[in-house]
file final.cif (mmCIF, C-alpha atoms)
data_target
loop_
_atom_site.label_atom_id
_atom_site.label_comp_id
_atom_site.auth_asym_id
_atom_site.auth_seq_id
_atom_site.Cartn_x
_atom_site.Cartn_y
_atom_site.Cartn_z
CA MET W 1 0.00 0.00 0.00
CA THR W 2 1.37 3.43 -0.85
CA THR W 3 0.55 5.57 2.07
CA ALA W 4 2.41 8.73 1.23
CA GLU W 5 0.35 9.41 -1.88
CA THR W 6 -3.02 8.35 -0.55
CA SER W 7 -2.90 10.18 2.76
CA PRO W 8 -2.72 13.91 2.22
CA SER W 9 -1.95 14.69 5.83
CA PRO W 10 -1.38 12.48 8.79
CA THR W 11 -2.05 15.53 10.89
CA ALA W 12 -5.45 16.58 9.67
CA SER W 13 -7.90 16.63 12.53
CA GLY W 14 -10.31 14.63 10.39
CA VAL W 15 -10.45 10.88 10.25
CA ARG W 16 -7.08 9.21 10.34
CA THR W 17 -6.68 5.79 8.92
CA GLU W 18 -5.61 3.01 11.21
CA GLU W 19 -2.21 3.08 9.58
CA GLU W 20 -1.79 6.82 10.11
CA THR W 21 -2.71 6.53 13.76
CA ALA W 22 -0.34 3.63 14.28
CA ALA W 23 2.41 5.66 12.57
CA ARG W 24 1.70 8.64 14.78
CA VAL W 25 2.01 6.54 17.92
CA LYS W 26 5.27 5.12 16.62
CA ALA W 27 6.56 8.62 15.83
CA LEU W 28 5.64 9.95 19.26
CA GLU W 29 7.25 6.96 20.93
CA ALA W 30 10.50 7.48 19.02
CA MET W 31 10.56 11.18 19.92
CA LEU W 32 9.88 10.64 23.60
CA ILE W 33 12.66 8.09 23.77
CA GLU W 34 15.09 10.38 21.94
CA LYS W 35 14.28 13.23 24.28
CA GLY W 36 15.01 11.03 27.25
CA VAL W 37 11.49 11.12 28.65
CA MET W 38 11.32 7.34 28.79
CA SER W 39 13.19 4.23 27.74
CA THR W 40 12.17 1.52 25.30
CA ASP W 41 12.41 -0.95 28.16
CA ALA W 42 9.95 0.98 30.29
CA ILE W 43 7.43 1.05 27.44
CA ASP W 44 7.98 -2.62 26.60
CA ARG W 45 7.46 -3.67 30.20
CA LEU W 46 4.19 -1.77 30.44
CA ALA W 47 2.98 -3.07 27.09
CA GLU W 48 3.81 -6.65 28.06
CA ILE W 49 1.38 -6.53 30.95
CA TYR W 50 -1.49 -6.40 28.49
CA GLU W 51 -0.06 -8.15 25.45
CA ASN W 52 -2.25 -11.16 25.99
CA GLU W 53 -5.34 -8.98 25.93
CA VAL W 54 -5.13 -8.99 22.14
CA GLY W 55 -5.43 -12.57 20.95
CA PRO W 56 -4.53 -15.45 21.13
CA HIS W 57 -7.95 -16.17 22.59
CA LEU W 58 -9.37 -14.88 19.30
CA GLY W 59 -7.34 -17.44 17.36
CA ALA W 60 -8.54 -20.08 19.79
CA ARG W 61 -12.14 -19.11 19.16
CA VAL W 62 -11.69 -19.28 15.38
CA THR W 63 -9.96 -22.66 15.68
CA ALA W 64 -12.69 -24.09 17.88
CA ARG W 65 -15.29 -22.98 15.35
CA ALA W 66 -13.34 -24.63 12.54
CA TRP W 67 -13.16 -27.87 14.54
CA SER W 68 -16.90 -27.81 15.17
CA ASP W 69 -18.22 -26.55 11.86
CA PRO W 70 -16.84 -28.19 8.69
CA ALA W 71 -18.40 -25.54 6.44
CA PHE W 72 -16.71 -22.79 8.42
CA LYS W 73 -13.41 -24.64 8.27
CA GLU W 74 -13.71 -24.81 4.50
CA ARG W 75 -14.30 -21.06 4.35
CA LEU W 76 -11.41 -20.46 6.74
CA LEU W 77 -8.98 -22.40 4.61
CA ALA W 78 -10.26 -20.76 1.45
CA ASN W 79 -10.15 -17.19 2.75
CA ALA W 80 -9.06 -16.73 6.35
CA THR W 81 -9.44 -12.96 6.36
CA GLN W 82 -13.10 -13.21 5.35
CA ALA W 83 -13.88 -16.16 7.60
CA CYS W 84 -12.32 -14.42 10.61
CA ALA W 85 -14.37 -11.33 9.82
CA GLU W 86 -17.51 -13.48 10.17
CA LEU W 87 -16.56 -13.86 13.81
CA GLY W 88 -15.70 -10.21 14.19
CA VAL W 89 -11.98 -10.91 14.14
CA GLY W 90 -10.04 -8.63 11.87
CA GLY W 91 -6.93 -6.61 11.44
CA LEU W 92 -5.47 -3.80 9.48
CA GLN W 93 -6.48 -3.13 5.94
CA GLY W 94 -4.42 -4.86 3.34
CA GLU W 95 -3.18 -7.55 5.63
CA ASP W 96 -4.36 -10.86 4.39
CA MET W 97 -4.28 -13.94 6.51
CA VAL W 98 -3.84 -17.49 5.32
CA VAL W 99 -4.52 -20.48 7.52
CA VAL W 100 -2.48 -23.62 6.88
CA GLU W 101 -3.95 -26.85 8.14
CA ASP W 102 -2.10 -29.54 10.06
CA THR W 103 -2.90 -33.08 9.00
CA ASP W 104 -1.62 -36.55 9.85
CA THR W 105 1.07 -36.11 7.21
CA VAL W 106 1.88 -32.39 7.34
CA HIS W 107 2.89 -30.16 10.22
CA ASN W 108 3.06 -26.41 9.63
CA VAL W 109 5.03 -23.72 11.39
CA ILE W 110 5.15 -19.98 10.82
CA VAL W 111 8.09 -17.60 10.81
CA CYS W 112 8.93 -14.15 9.59
CA THR W 113 12.39 -14.43 8.12
CA LEU W 114 13.03 -10.70 7.87
CA CYS W 115 11.34 -9.06 10.81
CA SER W 116 8.36 -9.93 12.92
CA CYS W 117 5.31 -10.11 10.65
CA TYR W 118 2.73 -11.93 12.70
CA PRO W 119 -1.04 -12.45 12.49
CA TRP W 120 -1.63 -10.33 15.56
CA PRO W 121 -5.41 -9.95 15.16
CA VAL W 122 -5.73 -13.61 16.05
CA LEU W 123 -2.54 -14.29 18.01
CA GLY W 124 -1.89 -11.06 19.85
CA LEU W 125 1.55 -9.52 19.82
CA PRO W 126 4.42 -11.85 18.95
CA PRO W 127 6.46 -13.39 21.75
CA ASN W 128 10.01 -12.09 21.95
CA TRP W 129 11.57 -15.29 20.67
CA TYR W 130 9.52 -15.01 17.48
CA LYS W 131 11.36 -11.77 16.71
CA ALA W 132 14.78 -13.16 17.60
CA PRO W 133 17.28 -13.79 14.77
CA ALA W 134 17.86 -17.32 16.07
CA TYR W 135 14.25 -18.33 15.48
CA ARG W 136 13.96 -16.51 12.18
CA SER W 137 16.97 -18.18 10.63
CA ARG W 138 17.12 -21.63 12.19
CA MET W 139 13.42 -22.44 11.78
CA VAL W 140 13.97 -22.25 8.03
CA ARG W 141 17.18 -24.28 7.96
CA GLN W 142 16.45 -26.94 10.59
CA PRO W 143 12.78 -26.81 11.47
CA ARG W 144 12.50 -30.35 12.80
CA ALA W 145 15.59 -30.06 14.99
CA MET W 146 14.63 -26.64 16.27
CA LEU W 147 11.12 -27.75 17.17
CA ARG W 148 12.57 -30.65 19.14
CA GLU W 149 15.49 -28.89 20.80
CA ASP W 150 14.08 -25.43 21.47
CA PHE W 151 10.41 -26.17 21.92
CA GLY W 152 10.36 -29.78 23.05
CA TYR W 153 7.97 -30.52 20.23
CA GLU W 154 8.62 -33.79 18.46
CA VAL W 155 7.29 -34.07 14.91
CA PRO W 156 7.08 -37.72 13.85
CA ASP W 157 9.51 -38.66 11.09
CA SER W 158 6.54 -39.69 8.99
CA THR W 159 5.25 -36.12 9.00
CA GLU W 160 6.44 -33.44 6.60
CA VAL W 161 7.28 -30.05 8.12
CA ARG W 162 6.33 -26.97 6.12
CA VAL W 163 7.64 -23.56 7.15
CA TRP W 164 5.66 -20.52 6.03
CA ASP W 165 7.21 -17.05 5.79
CA SER W 166 4.85 -14.27 6.75
CA SER W 167 5.28 -10.90 5.11
CA SER W 168 3.54 -7.63 5.72
CA GLU W 169 1.09 -8.49 2.96
CA LEU W 170 0.31 -12.06 3.85
CA ARG W 171 0.37 -13.56 7.29
CA TYR W 172 0.09 -17.21 8.05
CA TRP W 173 -1.18 -19.07 11.06
CA VAL W 174 -1.67 -22.74 11.75
CA LEU W 175 -4.89 -24.67 12.19
CA PRO W 176 -3.86 -27.48 14.53
CA GLN W 177 -5.54 -30.88 14.47
CA ARG W 178 -8.47 -31.39 16.75
CA PRO W 179 -7.30 -33.65 19.57
CA ALA W 180 -8.84 -37.07 20.04
CA GLY W 181 -11.35 -37.59 22.80
CA THR W 182 -13.02 -34.23 22.33
CA GLU W 183 -16.22 -35.45 20.69
CA GLY W 184 -19.22 -33.74 22.17
CA MET W 185 -17.22 -30.81 23.57
CA SER W 186 -18.68 -27.35 23.08
CA GLU W 187 -16.86 -24.64 21.12
CA GLU W 188 -16.07 -22.86 24.36
CA GLU W 189 -14.52 -26.01 25.81
CA LEU W 190 -12.58 -26.67 22.62
CA ALA W 191 -11.22 -23.11 22.58
CA GLU W 192 -9.69 -23.74 26.01
CA LEU W 193 -7.53 -26.45 24.44
CA VAL W 194 -5.97 -24.16 21.83
CA THR W 195 -2.59 -22.73 22.80
CA ARG W 196 -0.79 -19.82 21.22
CA ASP W 197 2.14 -22.10 20.41
CA SER W 198 -0.12 -24.52 18.57
CA LEU W 199 -1.28 -21.68 16.30
CA ILE W 200 2.36 -20.76 15.55
CA GLY W 201 3.21 -24.43 15.06
CA VAL W 202 5.85 -24.73 17.77
CA GLY W 203 3.68 -26.54 20.30
CA SER W 204 0.71 -28.79 20.61
CA VAL W 205 -2.85 -28.14 21.66
CA LEU W 206 -3.90 -29.26 25.11
CA HIS W 207 -5.74 -32.52 25.43
CA PRO W 208 -8.93 -32.95 27.42
CA GLY W 209 -8.05 -32.67 31.07
CA GLY W 210 -5.36 -30.10 30.31
CA GLN W 211 -2.72 -32.68 29.41
CA ARG W 212 -0.32 -32.31 26.55
CA PRO W 213 0.00 -35.57 24.60
CA MET S 1 8.47 -3.65 38.24
CA THR S 2 4.99 -2.41 37.45
CA THR S 3 2.21 -4.98 37.62
CA ARG S 4 -1.37 -5.05 36.51
CA GLU S 5 -2.38 -4.46 40.13
CA ASP S 6 -0.24 -1.30 40.29
CA LEU S 7 -2.00 0.11 37.25
CA GLU S 8 -5.51 -0.64 38.38
CA PRO S 9 -5.84 2.38 40.74
CA LEU S 10 -4.71 4.65 37.87
CA LEU S 11 -7.16 3.13 35.44
CA MET S 12 -10.03 3.40 37.90
CA GLU S 13 -9.72 7.17 37.77
CA LEU S 14 -10.21 7.44 34.03
CA PRO S 15 -13.41 8.53 32.31
CA HIS S 16 -15.52 6.22 30.18
CA GLN S 17 -14.76 2.97 31.99
CA GLU S 18 -17.13 1.19 29.60
CA ALA S 19 -14.86 2.12 26.69
CA LEU S 20 -11.74 1.20 28.64
CA ARG S 21 -13.21 -2.18 29.61
CA PRO S 22 -15.58 -3.24 26.84
CA GLU S 23 -15.87 -6.72 28.31
CA GLY S 24 -16.41 -5.48 31.81
CA GLY S 25 -13.45 -6.83 33.75
CA ASP S 26 -9.96 -6.05 32.56
CA VAL S 27 -8.88 -3.38 30.12
CA SER S 28 -8.53 -4.75 26.64
CA PHE S 29 -7.14 -3.57 23.36
CA GLU S 30 -8.08 -4.08 19.76
CA THR S 31 -4.83 -3.18 18.12
CA ALA S 32 -1.14 -3.16 18.83
CA TRP S 33 -0.90 0.64 18.63
CA GLU S 34 -3.51 1.01 21.35
CA ILE S 35 -1.32 -0.92 23.77
CA ARG S 36 1.65 1.19 22.71
CA ALA S 37 -0.25 4.44 23.26
CA PHE S 38 -1.45 3.16 26.60
CA ALA S 39 2.09 2.30 27.68
CA LEU S 40 3.45 5.68 26.53
CA ALA S 41 1.00 7.60 28.69
CA VAL S 42 1.74 5.51 31.77
CA ALA S 43 5.50 5.65 31.15
CA ALA S 44 5.43 9.46 30.83
CA HIS S 45 3.56 9.64 34.12
CA GLN S 46 5.97 7.25 35.80
CA SER S 47 8.94 9.28 34.63
CA GLY S 48 7.46 12.36 36.27
CA GLN S 49 6.18 14.23 33.22
CA TYR S 50 2.78 14.75 34.80
CA ASP S 51 0.55 13.75 37.67
CA TRP S 52 -1.98 11.14 36.71
CA SER S 53 -4.80 13.57 37.50
CA GLN S 54 -3.44 15.76 34.68
CA PHE S 55 -3.71 12.91 32.25
CA GLN S 56 -7.18 12.17 33.51
CA GLN S 57 -8.17 15.80 32.88
CA ALA S 58 -6.52 15.88 29.45
CA LEU S 59 -8.46 12.77 28.47
CA ILE S 60 -11.73 14.28 29.69
CA ASP S 61 -10.96 17.44 27.71
CA SER S 62 -10.16 15.48 24.58
CA ILE S 63 -13.39 13.52 24.85
CA GLN S 64 -15.31 16.76 25.31
CA ARG S 65 -13.71 18.28 22.24
CA TRP S 66 -14.76 15.23 20.28
CA GLU S 67 -18.32 15.43 21.61
CA GLN S 68 -18.59 19.13 20.80
CA SER S 69 -17.05 18.84 17.37
CA GLY S 70 -20.03 16.84 16.17
CA SER S 71 -17.78 15.79 13.32
CA GLY S 72 -17.91 12.57 11.42
CA THR S 73 -14.93 11.25 13.34
CA PRO S 74 -15.89 7.89 14.76
CA TRP S 75 -15.66 7.44 18.50
CA ARG S 76 -12.53 5.61 19.48
CA TYR S 77 -11.28 5.73 23.02
CA TYR S 78 -7.62 5.44 22.13
CA ASP S 79 -7.81 8.25 19.57
CA ARG S 80 -8.83 10.47 22.47
CA TRP S 81 -6.13 8.88 24.59
CA LEU S 82 -3.45 9.71 22.03
CA GLU S 83 -4.70 13.27 21.70
CA ALA S 84 -4.61 13.68 25.48
CA LEU S 85 -1.04 12.42 25.66
CA GLU S 86 0.05 14.65 22.79
CA SER S 87 -1.58 17.72 24.31
CA LEU S 88 0.27 17.20 27.60
CA MET S 89 3.59 16.65 25.86
CA THR S 90 3.06 19.72 23.69
CA GLU S 91 2.05 21.94 26.59
CA ALA S 92 5.13 20.82 28.51
CA GLY S 93 7.25 21.73 25.51
CA VAL S 94 8.63 18.22 25.21
CA VAL S 95 7.49 17.94 21.60
CA ALA S 96 5.92 20.35 19.14
CA THR S 97 2.87 19.36 17.11
CA GLY S 98 4.66 20.10 13.85
CA GLU S 99 7.49 17.85 14.89
CA VAL S 100 5.12 14.96 15.53
CA ASP S 101 3.47 15.60 12.16
CA ASP S 102 6.82 15.50 10.38
CA ARG S 103 7.95 12.40 12.17
CA THR S 104 4.66 10.67 11.41
CA ARG S 105 5.17 11.37 7.71
CA THR S 106 8.64 9.88 7.94
CA VAL S 107 7.24 6.75 9.54
CA LEU S 108 4.55 6.47 6.87
CA ASP S 109 7.10 6.98 4.10
CA THR S 110 9.33 4.23 5.43
CA PRO S 111 8.12 0.81 4.38
CA ARG S 112 7.29 -1.15 7.49
CA ASP S 113 9.27 -4.13 6.39
CA THR S 114 11.59 -3.00 3.68
CA GLY S 115 11.74 -5.68 1.03
CA HIS S 116 9.14 -7.74 2.81
CA HIS S 117 5.98 -6.57 1.15
CA ARG S 118 5.74 -9.37 -1.33
CA ALA S 119 3.41 -12.15 -0.37
CA HIS S 120 5.02 -15.58 -0.21
CA HIS S 121 2.58 -18.17 -1.43
CA GLU S 122 4.72 -21.26 -1.04
CA PRO S 123 6.40 -22.64 2.07
CA VAL S 124 9.81 -21.02 2.59
CA ALA S 125 11.17 -24.42 3.65
CA VAL S 126 9.98 -28.00 3.60
CA ASP S 127 11.44 -30.80 5.66
CA PRO S 128 10.01 -33.92 4.01
CA ALA S 129 8.76 -36.96 5.86
CA ARG S 130 11.53 -39.46 6.49
CA SER S 131 9.64 -42.68 6.73
#

call {"tool": "encode", "arguments": {"input": "final.cif", "output": "C-alpha cells"}}
result
Amino acid sequence: MTTAETSPSPTASGVRTEEETAARVKALEAMLIEKGVMSTDAIDRLAEIYENEVGPHLGARVTARAWSDPAFKERLLANATQACAELGVGGLQGEDMVVVEDTDTVHNVIVCTLCSCYPWPVLGLPPNWYKAPAYRSRMVRQPRAMLREDFGYEVPDSTEVRVWDSSSELRYWVLPQRPAGTEGMSEEELAELVTRDSLIGVGSVLHPGGQRP
Amino acid sequence: MTTREDLEPLLMELPHQEALRPEGGDVSFETAWEIRAFALAVAAHQSGQYDWSQFQQALIDSIQRWEQSGSGTPWRYYDRWLEALESLMTEAGVVATGEVDDRTRTVLDTPRDTGHHRAHHEPVAVDPARS
C-alpha cells in the first residue's frame, strides 16, 4: 500500500486511517525516547502486561469454530481474512491472513524471516523469541531439529514439516488438528484447548483434562 | 516492576470505563498501537512528566472536544487517549505538534518491512517426511 500518496496529511484533525494513527504513535514513541522522557524498556514492560489482551484467545475461538463446523473450516482455509471477519476478528487493511492446516502427514510452522510479521489480530503480539534472529533463521534451515530442541515438540519422522514465511502483505497461522477424545465438547470447551504455540506451530494443543499428549 | 495491580488504581480514575473495559473486567485492546499508546501515557507519568490527574483531565478534555465537534470522526477511546497524551507533551514543551506531524510522515514513508511486502505463497522451507 502506498501511504504517502493516498494520505494527504497524517495531521489533519479529520479521520485518520488506522495506519496513520499507528504511525503517529510510533513517531511519538521514538521522539519521547530520543528526548530522554522514557526508555524503550519501560514502554515494553508496560505493554507486556497487556499483550495477551489482544489474541490469542481470538485465534482459539476461530480454531474451535473450525473444529466444530466443517463448512466454516472450509471457508477459513479458502479465505481466512473473510472467515475471521464473520466472527468479528479482523486486522489492518491490506493484511491478508492465510490459515495452513495440520494433518496426519503435514505439520506447519510460521516464521517471519526478515522481521516480525505476525497475524496479531488472532494471536496477539508476537512473543520475543519469534522476533529473535535465532528463530527466524534456524526455523527455516532446521525446522525439525529446532522444534525438538528449542520447543520440546517432536514431529514424527513420517510427517512433513512446512515452514511458512509471513510478510507484511500475507500472514500465516496454523490450524492445529483437533485432539482425540473431544467429541461432544462445546466450542467454548474446545477453545480452552488451543494454545498460542499450537497456532504458531511450535507446540501442541492441550488434550482434554489439560494434558499435553 | 509495574504490575497489573499497580496500574488498576490509575485506570479506575479514568473517564468512560465502559470504553476502557468493553468486556467489563480487565482493560482490553483491539490493536497493537492502542497498547503502545497506553504504555506511553503511563511511562510518561511514571517518569514524572505529569501527575496522573493531569492525564485524567486531558483525556476528559479530549473527549469533550470530540463530543462538541459533532464531526464525522468515529468514536474511538484510544484516539482520544493519544490526543490527550500529545496535548500534555506539547504543553510541557517536550514535543511540538509540527514535529510529531513530520515524524509521522517519515514513519509512513518508510516501508514497514523493507523488502518484505511481497506475499510468499509457497512454504519457505519444507522438511520432508523421512519414513

call {"tool": "interface_residues", "arguments": {"input": "final.cif", "of": "chain W", "to": "chain S", "cutoff": "6 Å", "atoms": "only C-alpha atoms", "output": "list in words"}}
result
Ala4, Thr11, Val15, Ala22, Ala23, Arg24, Ala27, Ile43, Leu46, Ala47, Glu53, Val54, Val140, Asp157, Ser158, Thr159, Glu160, Val161, Arg162, Val163, Trp164, Asp165, Ser167, Ser168, Glu169 and Leu170 of chain W

call {"tool": "resolve_selection", "arguments": {"input": "final.cif", "expression": "the PyMOL selection byres ((chain W and resi 109) around 7)", "output": "list in words"}}
result
His107, Asn108, Ile110, Val111, Arg162, Val163, Trp164, Val174, Ile200, Gly201 and Val202 of chain W

call {"tool": "closest_residue", "arguments": {"input": "final.cif", "among": "W:Trp129, W:Tyr135, W:Phe151, W:Tyr118", "to": "Val98 of chain W", "atoms": "all atoms listed in the file"}}
result
W:Tyr118

call {"tool": "axis_aligned_box", "arguments": {"input": "final.cif", "around": "segment 87-92 of chain S", "padding_each_side": "6 Å", "output": "lines of an AutoDock Vina configuration file"}}
result
center_x = 1.8
center_y = 19.3
center_z = 26.1
size_x = 18.7
size_y = 17.3
size_z = 16.8

call {"tool": "atom_distance", "arguments": {"input": "final.cif", "atom1": "atom CA of Leu59 of chain S", "atom2": "atom CA of Trp81 of chain S"}}
result
6.0 Å

call {"tool": "atom_distance", "arguments": {"input": "final.cif", "atom1": "atom CA of Val100 of chain W", "atom2": "atom CA of Tyr172 of chain W"}}
result
7.0 Å

call {"tool": "residues_around", "arguments": {"input": "final.cif", "residues": "Leu11 of chain S", "least_positions_apart": "4", "cutoff": "10 Å", "atoms": "all atoms listed in the file", "output": "ChimeraX atom specification"}}
result
/S:6-7,15,17,20-21,27,42,52,56

call {"tool": "closest_residue", "arguments": {"input": "final.cif", "among": "S:Tyr77, S:Ala58, S:Glu5, S:Ala19", "to": "Glu91 of chain S", "atoms": "all atoms listed in the file"}}
result
S:Ala58
